[in-house]
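Peer 1: Below you'll find data.txt; it's compact mmCIF, C-alpha atoms and all ligand atoms.
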```txt
# COMPACT_ATOMS: atom_id res chain seq x y z
CA MET K 1 0.54 9.73 -14.91
CA LYS K 2 2.64 9.36 -18.06
CA ARG K 3 -0.44 9.77 -20.19
CA ARG K 4 -1.45 12.90 -18.31
CA ALA K 5 2.01 14.38 -18.77
CA ALA K 6 1.91 13.55 -22.49
CA LEU K 7 -1.52 15.18 -22.78
CA ALA K 8 -0.34 18.32 -20.97
CA ALA K 9 2.76 18.53 -23.17
CA THR K 10 0.65 18.09 -26.34
CA LEU K 11 -1.74 20.83 -25.24
CA ALA K 12 1.11 23.16 -24.31
CA LEU K 13 3.03 22.58 -27.54
CA GLY K 14 -0.10 22.47 -29.71
CA GLY K 15 -0.04 26.25 -29.98
CA CYS K 16 3.56 26.33 -31.22
CA SER K 17 2.87 25.32 -34.82
CA GLY K 18 0.05 25.64 -37.27
CA VAL K 19 -1.58 28.09 -39.65
CA GLN K 20 -3.10 30.35 -37.03
CA THR K 21 -0.55 31.04 -34.30
CA PRO K 22 1.82 33.88 -33.49
CA LEU K 23 4.28 31.28 -32.18
CA ALA K 24 5.20 30.15 -35.72
CA PRO K 25 5.97 33.49 -37.42
CA VAL K 26 6.42 33.54 -41.23
CA ALA K 27 6.69 37.30 -41.85
CA ASP K 28 9.00 40.12 -40.73
CA GLN K 29 6.29 41.76 -38.61
CA ALA K 30 5.31 38.55 -36.79
CA HIS K 31 9.00 37.71 -36.31
CA SER K 32 9.89 40.96 -34.57
CA GLN K 33 6.82 40.69 -32.34
CA TYR K 34 7.70 37.09 -31.51
CA ASP K 35 11.25 38.15 -30.56
CA LEU K 36 9.79 40.85 -28.30
CA LEU K 37 7.54 38.25 -26.69
CA LEU K 38 10.57 36.04 -25.96
CA LEU K 39 12.52 38.99 -24.49
CA MET K 40 9.57 39.87 -22.23
CA LEU K 41 9.15 36.26 -21.14
CA TRP K 42 12.85 35.97 -20.25
CA VAL K 43 13.12 39.28 -18.39
CA CYS K 44 9.85 38.86 -16.49
CA GLY K 45 10.51 35.15 -15.88
CA ILE K 46 13.94 35.76 -14.36
CA ILE K 47 12.69 38.61 -12.14
CA TYR K 48 9.73 36.49 -11.05
CA LEU K 49 11.96 33.55 -10.11
CA LEU K 50 14.35 35.88 -8.21
CA VAL K 51 11.45 37.37 -6.23
CA LEU K 52 10.12 33.92 -5.37
CA GLY K 53 13.66 32.78 -4.45
CA PHE K 54 14.14 35.66 -2.03
CA LEU K 55 10.70 35.06 -0.55
CA VAL K 56 11.57 31.41 0.13
CA LEU K 57 14.96 32.45 1.54
CA GLY K 58 13.29 35.01 3.84
CA LEU K 59 10.79 32.43 5.10
CA TRP K 60 13.60 29.92 5.60
CA ARG K 61 15.69 32.35 7.62
CA ALA K 62 12.72 33.57 9.68
CA ARG K 63 11.66 30.06 10.68
CA GLY K 64 13.43 30.57 14.05
CA GLY K 65 10.31 32.21 15.47
CA ARG K 66 9.20 35.62 16.64
CA ALA K 67 12.30 36.30 18.67
CA ALA K 68 14.38 36.61 15.50
CA ALA K 69 11.89 39.06 14.04
CA ALA K 70 12.79 41.53 16.78
CA THR K 71 16.20 41.97 15.13
CA PRO K 72 15.88 44.43 12.24
CA MET K 73 16.55 42.82 8.85
CA LEU K 74 18.69 45.68 7.63
CA ALA K 75 20.79 47.16 10.39
CA PRO K 76 22.31 50.55 9.45
CA ALA K 77 25.80 49.12 9.83
CA ASP K 78 25.16 46.05 7.67
CA LYS K 79 27.10 47.04 4.54
CA ARG K 80 26.67 43.63 2.94
CA LEU K 81 22.88 43.95 2.89
CA GLY K 82 23.19 47.48 1.57
CA ARG K 83 25.28 46.25 -1.36
CA LEU K 84 22.82 43.42 -2.06
CA PHE K 85 20.00 45.97 -2.15
CA ALA K 86 21.92 48.10 -4.67
CA VAL K 87 22.46 45.03 -6.87
CA TRP K 88 18.75 44.25 -6.71
CA VAL K 89 17.81 47.78 -7.79
CA ALA K 90 20.33 47.52 -10.65
CA VAL K 91 18.77 44.19 -11.81
CA ILE K 92 15.32 45.81 -11.91
CA VAL K 93 16.58 48.90 -13.77
CA VAL K 94 18.42 46.75 -16.36
CA GLY K 95 15.33 44.56 -16.80
CA LEU K 96 13.05 47.55 -17.36
CA LEU K 97 15.58 49.12 -19.75
CA LEU K 98 15.73 45.90 -21.80
CA LEU K 99 11.91 45.89 -22.09
CA ALA K 100 11.73 49.58 -23.01
CA VAL K 101 14.53 49.43 -25.60
CA GLY K 102 13.20 46.14 -27.05
CA SER K 103 9.67 47.45 -27.56
CA PHE K 104 11.00 50.77 -28.95
CA LEU K 105 13.12 48.93 -31.54
CA VAL K 106 10.23 46.66 -32.57
CA GLU K 107 7.88 49.66 -32.91
CA ARG K 108 10.46 51.42 -35.06
CA SER K 109 11.05 48.42 -37.31
CA LEU K 110 7.27 48.02 -37.83
CA ALA K 111 6.88 51.72 -38.69
CA ALA K 112 9.93 51.68 -41.01
CA ALA K 113 8.53 49.05 -43.42
CA GLN K 114 8.44 50.52 -46.93
CA ALA K 115 5.27 49.26 -48.56
CA ASP K 116 5.37 48.45 -52.26
CA GLU K 117 3.25 51.20 -53.84
CA THR K 118 2.62 49.23 -57.01
CA LEU K 119 0.47 46.72 -55.19
CA ARG K 120 -2.56 48.11 -53.40
CA ILE K 121 -4.96 45.96 -51.42
CA ARG K 122 -8.12 47.13 -49.68
CA VAL K 123 -9.89 44.99 -47.13
CA THR K 124 -13.35 46.00 -45.91
CA ALA K 125 -14.86 44.19 -42.94
CA HIS K 126 -18.55 43.36 -43.00
CA GLN K 127 -20.74 41.43 -40.57
CA TRP K 128 -19.42 38.66 -41.04
CA TRP K 129 -17.12 38.48 -44.01
CA TRP K 130 -14.23 40.33 -45.65
CA ARG K 131 -14.44 42.23 -48.92
CA VAL K 132 -10.97 42.09 -50.55
CA ALA K 133 -10.03 44.36 -53.46
CA TYR K 134 -6.79 44.46 -55.45
CA ARG K 135 -5.88 47.28 -57.79
CA ASP K 136 -5.07 45.78 -61.15
CA PRO K 137 -1.59 47.11 -62.07
CA ALA K 138 -2.47 46.79 -65.77
CA SER K 139 -5.80 48.62 -65.88
CA GLY K 140 -5.92 50.51 -62.58
CA ARG K 141 -9.35 49.00 -61.87
CA TRP K 142 -10.17 47.43 -58.53
CA ILE K 143 -10.68 43.68 -58.69
CA GLU K 144 -12.90 42.24 -55.99
CA THR K 145 -12.90 38.93 -54.22
CA ALA K 146 -13.82 37.90 -50.68
CA ASN K 147 -12.51 36.07 -47.65
CA GLU K 148 -9.22 35.22 -49.32
CA LEU K 149 -6.00 37.18 -49.41
CA HIS K 150 -3.14 36.34 -51.77
CA LEU K 151 0.28 37.82 -51.01
CA PRO K 152 3.50 37.61 -53.04
CA VAL K 153 6.38 36.27 -50.92
CA GLY K 154 9.15 38.72 -49.96
CA ARG K 155 7.23 41.91 -50.84
CA THR K 156 5.93 44.42 -48.31
CA VAL K 157 2.29 45.15 -48.98
CA ARG K 158 0.11 47.66 -47.19
CA ILE K 159 -3.43 46.48 -46.49
CA GLU K 160 -5.82 49.45 -46.34
CA LEU K 161 -8.51 48.58 -43.83
CA GLY K 162 -12.08 49.85 -43.63
CA SER K 163 -15.31 48.72 -42.01
CA ALA K 164 -18.82 48.78 -43.49
CA ASP K 165 -20.62 48.50 -40.16
CA VAL K 166 -19.14 47.91 -36.69
CA ILE K 167 -15.63 47.61 -35.23
CA HIS K 168 -13.73 44.52 -36.34
CA SER K 169 -10.07 43.55 -36.04
CA PHE K 170 -7.83 42.21 -38.79
CA TRP K 171 -5.50 39.47 -37.58
CA VAL K 172 -3.31 36.91 -39.34
CA PRO K 173 -1.31 35.62 -36.34
CA ASN K 174 1.52 33.97 -38.34
CA ILE K 175 2.07 37.18 -40.31
CA SER K 176 1.43 40.16 -38.06
CA GLY K 177 -0.27 41.55 -34.98
CA LYS K 178 -3.83 42.82 -34.86
CA MET K 179 -5.16 46.03 -36.39
CA ASP K 180 -8.54 47.49 -35.46
CA VAL K 181 -10.94 48.03 -38.35
CA ILE K 182 -13.11 51.00 -37.42
CA PRO K 183 -16.05 52.53 -39.33
CA GLY K 184 -15.20 55.98 -40.69
CA ARG K 185 -11.48 55.58 -40.11
CA ALA K 186 -8.73 54.49 -42.51
CA ASN K 187 -6.28 52.12 -40.84
CA ALA K 188 -3.50 50.20 -42.55
CA ILE K 189 -1.19 47.33 -41.76
CA ASP K 190 2.05 46.31 -43.52
CA LEU K 191 2.83 42.66 -44.20
CA THR K 192 6.11 41.16 -45.43
CA PRO K 193 5.59 37.40 -45.69
CA ARG K 194 8.72 35.27 -46.07
CA ARG K 195 7.40 31.72 -46.31
CA LEU K 196 5.08 30.13 -48.88
CA GLY K 197 1.90 28.45 -47.75
CA TRP K 198 -1.68 28.79 -46.55
CA PHE K 199 -2.41 30.64 -43.34
CA ARG K 200 -5.57 31.64 -41.54
CA GLY K 201 -6.80 35.05 -40.49
CA GLN K 202 -9.56 35.72 -38.00
CA CYS K 203 -11.56 38.73 -36.86
CA ALA K 204 -10.21 39.52 -33.40
CA GLU K 205 -12.83 41.96 -32.07
CA PHE K 206 -16.28 40.81 -31.02
CA CYS K 207 -18.58 42.14 -33.74
CA GLY K 208 -21.84 40.24 -33.34
CA VAL K 209 -23.23 36.72 -33.18
CA GLN K 210 -21.10 35.32 -36.02
CA HIS K 211 -17.82 36.95 -34.95
CA ALA K 212 -16.26 33.50 -34.55
CA HIS K 213 -17.19 32.67 -38.17
CA MET K 214 -15.44 35.70 -39.60
CA ALA K 215 -12.23 34.13 -40.82
CA PHE K 216 -10.29 34.29 -44.07
CA ASP K 217 -7.63 32.29 -45.89
CA VAL K 218 -4.24 33.79 -46.68
CA LYS K 219 -2.04 32.32 -49.40
CA VAL K 220 1.58 33.39 -49.62
CA GLU K 221 2.82 32.48 -53.10
CA THR K 222 5.67 33.13 -55.53
CA PRO K 223 5.51 36.40 -57.53
CA ALA K 224 4.73 34.40 -60.72
CA GLU K 225 1.89 32.49 -59.05
CA PHE K 226 0.55 35.72 -57.60
CA ALA K 227 0.60 37.49 -60.97
CA ALA K 228 -1.23 34.56 -62.59
CA TRP K 229 -3.81 34.52 -59.80
CA LEU K 230 -4.42 38.27 -60.06
CA ALA K 231 -4.78 38.07 -63.85
CA ALA K 232 -7.31 35.24 -63.46
CA GLN K 233 -9.29 37.20 -60.85
CA ALA K 234 -9.40 40.22 -63.17
CA ARG K 235 -11.20 38.25 -65.89
CA PRO K 236 -15.01 38.16 -66.01
CA ALA K 237 -16.82 34.89 -65.33
CA VAL K 238 -16.99 32.43 -68.22
CA THR K 239 -20.42 31.73 -69.70
CA PRO K 240 -21.04 27.97 -69.44
CA THR K 241 -22.14 25.84 -72.40
CA ASP K 242 -23.18 22.81 -70.33
CA ALA K 243 -26.99 22.72 -69.85
CA THR K 244 -26.97 22.30 -66.03
CA LEU K 245 -24.37 25.03 -65.56
CA ALA K 246 -26.25 27.34 -67.93
CA HIS K 247 -29.41 26.78 -65.88
CA GLY K 248 -27.41 27.44 -62.70
CA MET K 249 -26.15 30.68 -64.20
CA GLN K 250 -29.70 31.75 -64.90
CA VAL K 251 -30.77 30.93 -61.32
CA VAL K 252 -27.86 32.85 -59.80
CA THR K 253 -27.64 35.87 -62.07
CA GLN K 254 -31.32 36.45 -62.80
CA GLY K 255 -32.90 35.37 -59.52
CA GLN K 256 -32.70 36.57 -55.94
CA CYS K 257 -28.94 35.94 -55.63
CA ALA K 258 -28.35 38.85 -58.00
CA MET K 259 -29.99 41.24 -55.54
CA CYS K 260 -26.91 40.98 -53.29
CA HIS K 261 -24.05 39.54 -55.35
CA THR K 262 -21.92 40.38 -58.36
CA VAL K 263 -20.80 37.91 -61.00
CA ARG K 264 -18.72 40.05 -63.35
CA GLY K 265 -19.67 39.57 -66.98
CA THR K 266 -23.33 38.82 -66.13
CA ALA K 267 -26.42 40.77 -65.11
CA ALA K 268 -25.63 40.26 -61.39
CA ARG K 269 -24.06 43.51 -60.19
CA ALA K 270 -25.19 44.08 -56.59
CA ARG K 271 -22.61 44.71 -53.90
CA ASN K 272 -24.31 43.82 -50.61
CA GLY K 273 -22.62 40.44 -50.37
CA PRO K 274 -19.33 38.92 -51.53
CA ASP K 275 -18.32 39.07 -55.21
CA LEU K 276 -18.92 35.61 -56.66
CA THR K 277 -17.10 36.01 -60.01
CA HIS K 278 -14.43 33.45 -59.08
CA ILE K 279 -15.93 31.88 -55.98
CA GLY K 280 -15.02 28.38 -57.21
CA SER K 281 -11.33 29.30 -57.00
CA ARG K 282 -11.54 30.02 -53.28
CA ARG K 283 -10.61 27.66 -50.54
CA SER K 284 -13.63 28.11 -48.29
CA ILE K 285 -17.11 29.63 -48.22
CA ALA K 286 -19.07 31.71 -45.70
CA ALA K 287 -15.88 33.39 -44.37
CA GLY K 288 -13.91 30.28 -43.49
CA THR K 289 -16.94 28.41 -42.14
CA LEU K 290 -17.02 25.56 -44.69
CA THR K 291 -14.50 24.13 -47.15
CA MET K 292 -15.21 24.73 -50.82
CA THR K 293 -17.19 21.75 -52.13
CA ARG K 294 -20.32 21.57 -54.22
CA ALA K 295 -22.23 19.92 -51.37
CA HIS K 296 -21.29 22.74 -49.00
CA LEU K 297 -22.26 25.36 -51.59
CA GLN K 298 -25.64 23.72 -52.01
CA GLY K 299 -26.14 23.45 -48.24
CA TRP K 300 -25.16 27.10 -47.81
CA ILE K 301 -27.59 28.23 -50.53
CA ALA K 302 -30.43 26.13 -49.09
CA GLN K 303 -29.93 26.75 -45.35
CA PRO K 304 -27.60 29.67 -44.59
CA GLN K 305 -29.31 30.38 -41.25
CA ALA K 306 -28.76 26.77 -40.13
CA ILE K 307 -25.04 26.92 -40.94
CA LYS K 308 -24.38 30.45 -39.71
CA PRO K 309 -27.31 31.67 -37.56
CA GLY K 310 -27.75 35.42 -37.90
CA THR K 311 -25.91 35.69 -41.21
CA MET K 312 -27.10 38.52 -43.46
CA MET K 313 -27.60 35.94 -46.23
CA PRO K 314 -31.35 35.34 -46.41
CA THR K 315 -32.90 31.97 -47.04
CA VAL K 316 -33.83 31.81 -50.71
CA THR K 317 -36.39 29.18 -51.53
CA LEU K 318 -35.19 27.19 -54.54
CA SER K 319 -36.32 23.86 -55.88
CA PRO K 320 -33.76 21.07 -55.32
CA ALA K 321 -32.99 21.08 -59.06
CA ASP K 322 -32.39 24.85 -59.07
CA ALA K 323 -30.23 24.71 -55.93
CA ASN K 324 -28.19 21.87 -57.42
CA ALA K 325 -27.66 23.77 -60.67
CA ALA K 326 -26.78 26.97 -58.82
CA ALA K 327 -24.19 25.15 -56.70
CA ALA K 328 -22.72 23.48 -59.79
CA TYR K 329 -22.48 26.84 -61.57
CA LEU K 330 -20.84 28.58 -58.57
CA GLU K 331 -18.35 25.73 -58.19
CA SER K 332 -17.44 26.11 -61.88
CA LEU K 333 -16.54 29.79 -61.41
CA LYS K 334 -12.78 29.23 -61.06
CU1 LIG A 1 -15.67 40.94 -37.16
CU2 LIG A 1 -15.44 39.98 -35.04
```
Can the structure from this file be put into C-alpha cells for me?
Peer 2:
Amino acid sequence: MKRRAALAATLALGGCSGVQTPLAPVADQAHSQYDLLLLMLWVCGIIYLLVLGFLVLGLWRARGGRAAAATPMLAPADKRLGRLFAVWVAVIVVGLLLLAVGSFLVERSLAAAQADETLRIRVTAHQWWWRVAYRDPASGRWIETANELHLPVGRTVRIELGSADVIHSFWVPNISGKMDVIPGRANAIDLTPRRLGWFRGQCAEFCGVQHAHMAFDVKVETPAEFAAWLAAQARPAVTPTDATLAHGMQVVTQGQCAMCHTVRGTAARARNGPDLTHIGSRRSIAAGTLTMTRAHLQGWIAQPQAIKPGTMMPTVTLSPADANAAAAYLESLK
C-alpha cells in the first residue's frame, strides 16, 4: 500500500520539475500562464467542491424517503433559502469574473512584451527538424544552425516562425505556450527567459510519422556566452589538417551529403537538410533523437531509416572507413 502511494506520488509530482514542463516556468511568458493555470485550478476546484458538497447535503436531507419529497424544497415564504440562493449566484459570478479578468490580464501582458529588435531569430519547421537562423548584428547576414536555440537571459526575443511543408507547433513548455507554425503564414512568439540552463522544445502538432522525433534543445545563457556562441556560429568551418578528418571532409562535402547539406566554407551549399557547419557544437542530432557522439553520428549516417523511420534523410551507402571518417569530421565541426 505504502509503495503504491509512493509510486502514485512520484508519478503525480514527476511532471512538476524538469526541462520540458510548463509546471516549472523559467520565463515571463511561462510564468504568467502558470499563474493563470493556478487561478483556474483554484476557482474551478472550489466551485466543484461546493457543488459536490451541496449534492451530498441534498442526498443526506432527502434520505427520509418519498414523503419528504412532496414538500417543495424552496417554499415561497422561505427567506433563508432565498438568501442562500443569492449567495450562490454571487459566488458563481465572482468566480467567472476572476477567470475573465485573470485571462484578460495574462493576454495583455503577453501582447505587451517589447521584443529586442537588435536580435532577430527565424525558426522554420520542416518534416522533422527545425531550421534556426540568427541575424548577425555585425554583418546583417543570416547565420544558420538547426535544432538548437540559444537565448540570452533577461532579454525579450521575438522568434519569427515559418513552415516549409505542413502545420507544426513550436513549444518550449518551460518558457512559453504553444504557437502554430503554418505554411504561408508568418507567426511570431516572444520569449523572455529568466533562468540559465538547458531546456527542451517539442513540436506540438501532429505533422507526420516522425512528429514525436521533432524536438530541439534550448540553451539560456549569459549575454557574454551568447555573444561568443553567435560569433562562433558565424565563422565558416575549419579545414582539418589531420588525414582522417581531411578524408571525412572530402566524403561529406564532395559526396552525396553535399546534395542536401551546407558546410559553410566548403563546396557543400545545398539547403534541403540542416546546416552542418557547426554540427559538432550541438547537443543532439536528428532533432533531439540522439545525443551528440561520434558513434551516434556514424549510426545516423549509416542507417537513418532504422533510427528515424520515414526521415527525409536517405540512406547513403558508404564504406565503413568512409562513414567513420565522415562521422569524425562532423564531430570536429565545433
Ligand atoms: Cu512537426 Cu509535429
Peer 1: I'd like the neighbourhood of Gln250 (chain K) as an mmCIF file with C-alpha atoms, keeping the file's coordinate frame, where a residue qualifies if any of its atoms comes within 12 Å (using only C-alpha atoms), though same-chain residues fewer than 6 positions away should be ignored.
Peer 2:
```
data_model
loop_
_atom_site.group_PDB
_atom_site.id
_atom_site.type_symbol
_atom_site.label_atom_id
_atom_site.label_comp_id
_atom_site.auth_asym_id
_atom_site.auth_seq_id
_atom_site.Cartn_x
_atom_site.Cartn_y
_atom_site.Cartn_z
ATOM 1 C CA THR K 239 -20.420 31.730 -69.700
ATOM 2 C CA PRO K 240 -21.040 27.970 -69.440
ATOM 3 C CA ALA K 243 -26.990 22.720 -69.850
ATOM 4 C CA THR K 244 -26.970 22.300 -66.030
ATOM 5 C CA GLN K 256 -32.700 36.570 -55.940
ATOM 6 C CA CYS K 257 -28.940 35.940 -55.630
ATOM 7 C CA ALA K 258 -28.350 38.850 -58.000
ATOM 8 C CA VAL K 263 -20.800 37.910 -61.000
ATOM 9 C CA THR K 266 -23.330 38.820 -66.130
ATOM 10 C CA ALA K 267 -26.420 40.770 -65.110
ATOM 11 C CA ALA K 268 -25.630 40.260 -61.390
ATOM 12 C CA ASP K 322 -32.390 24.850 -59.070
ATOM 13 C CA ALA K 323 -30.230 24.710 -55.930
ATOM 14 C CA ALA K 325 -27.660 23.770 -60.670
ATOM 15 C CA ALA K 326 -26.780 26.970 -58.820
ATOM 16 C CA ALA K 327 -24.190 25.150 -56.700
ATOM 17 C CA ALA K 328 -22.720 23.480 -59.790
ATOM 18 C CA TYR K 329 -22.480 26.840 -61.570
ATOM 19 C CA LEU K 330 -20.840 28.580 -58.570
#
```
Peer 1: Got a sec to check which residues lie within 10 Å of ligand LIG 1 (chain A), using all atoms listed in the file, and send them as a list in words?
Peer 2: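 Within the 10 Å cut-off, the matching residues are Ala125, His126, Gln127, Trp128, Trp129, Trp130, Ser163, Asp165, Val166, Ile167, His168, Ser169, Phe170, Asp180, Val181, Gln202, Cys203, Ala204, Glu205, Phe206, Cys207, Gly208, Val209, Gln210, His211, Ala212, His213, Met214 and Ala215 of chain K.
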Peer 1: Nearest residue to Ile92 (chain K) out of K:Ala270, K:Arg185, K:Val51, K:Ala306, using all atoms listed in the file?
Peer 2: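 Checking each candidate against Ile92 (chain K), we get K:Val51 as the closest.
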Peer 1: What does the distance between CA of Met312 (chain K) and CA of Gly280 (chain K) come to in Å, to one decimal place?
Peer 2: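 If I compute the distance from CA of Met312 (chain K) to CA of Gly280 (chain K), I get 20.9 Å.
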Peer 1: Set the distance at 8 Å and use all atoms listed in the file: which residues neighbour Gly162 (chain K) once local chain neighbours fewer than 3 positions away are removed? I'd like the list as a list in words.
Peer 2: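 Here the qualifying residues turn out to be Arg122, Val123, Thr124, Ala125, Val181, Ile182, Pro183, Gly184, Arg185, Ala186 and Asn187 of chain K.
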Peer 1: Work out how far apart CA of Pro274 (chain K) and CA of Gly154 (chain K) are and give it in Å to one decimal.
Peer 2: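 So the two atoms, CA of Pro274 (chain K) and CA of Gly154 (chain K), lie 28.5 Å apart.
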Peer 1: Find the nearest atom pair between each residue of region 240-283 of chain K and region 287-295 of chain K for residues within 12 Å, count only C-alpha atoms, give distances in Å to one decimal, sort rows by chain and ascending number, and present the table as a Markdown table.
Peer 2:
```
| residue | atom | partner | partner_atom | distance |
| --- | --- | --- | --- | --- |
| K:Gly273 | CA | K:Ala287 | CA | 11.5 |
| K:Pro274 | CA | K:Ala287 | CA | 9.7 |
| K:Ile279 | CA | K:Met292 | CA | 8.8 |
| K:Gly280 | CA | K:Met292 | CA | 7.4 |
| K:Ser281 | CA | K:Met292 | CA | 8.6 |
| K:Arg282 | CA | K:Met292 | CA | 6.9 |
| K:Arg283 | CA | K:Met292 | CA | 5.5 |
```
Peer 1: Pick from K:Ser284, K:Gln33, K:Thr222, K:Thr277: nearest to Ser332 (chain K), with all atoms listed in the file counted?
Peer 2: K:Thr277
Peer 1: Just the number, please: distance in Å from CA of Glu160 (chain K) to CA of Gly265 (chain K), one decimal.
Peer 2: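 The value is 26.7 Å.
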Peer 1: For Trp142 (chain K), which residue out of K:Thr192, K:Gln233, K:Ser103, K:Ser176 is the nearest one, using only C-alpha atoms?
Peer 2: K:Gln233
Peer 1: From the set K:Gly201, K:Gly248, K:Gly177, K:Pro25, which residue has the shortest atom-to-atom contact distance to Glu148 (chain K), counting all atoms listed in the file?
Peer 2: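 Of K:Gly201, K:Gly248, K:Gly177, K:Pro25, the one nearest Glu148 (chain K) is K:Gly201, counting all atoms listed in the file.
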Peer 1: Counting only C-alpha atoms, which residues sit no farther than 10 Å from the position (4.2, 53.2, -46.0) in the file's frame? I'd like them as a VMD selection string.
Peer 2: chain K and resid 111 to 117 156 to 158 188 to 190
Peer 1: For a quick check of understanding, using all atoms listed in the file, which of K:Ile121, K:Leu50, K:Val106, K:Ile307 has the smallest distance to Arg141 (chain K)?
Peer 2: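 Among the listed residues, the smallest separation from Arg141 (chain K) belongs to K:Ile121.
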Peer 1: Using all atoms listed in the file, determine which residues lie at most 10 Å from Glu221 (chain K), disregarding the query and same-chain residues fewer than 2 positions distant; provide the list as JSON, numbers by chain.
Peer 2: {"K": [150, 151, 152, 153, 154, 193, 194, 195, 196, 197, 198, 218, 219, 223, 224, 225, 226, 227, 229]}
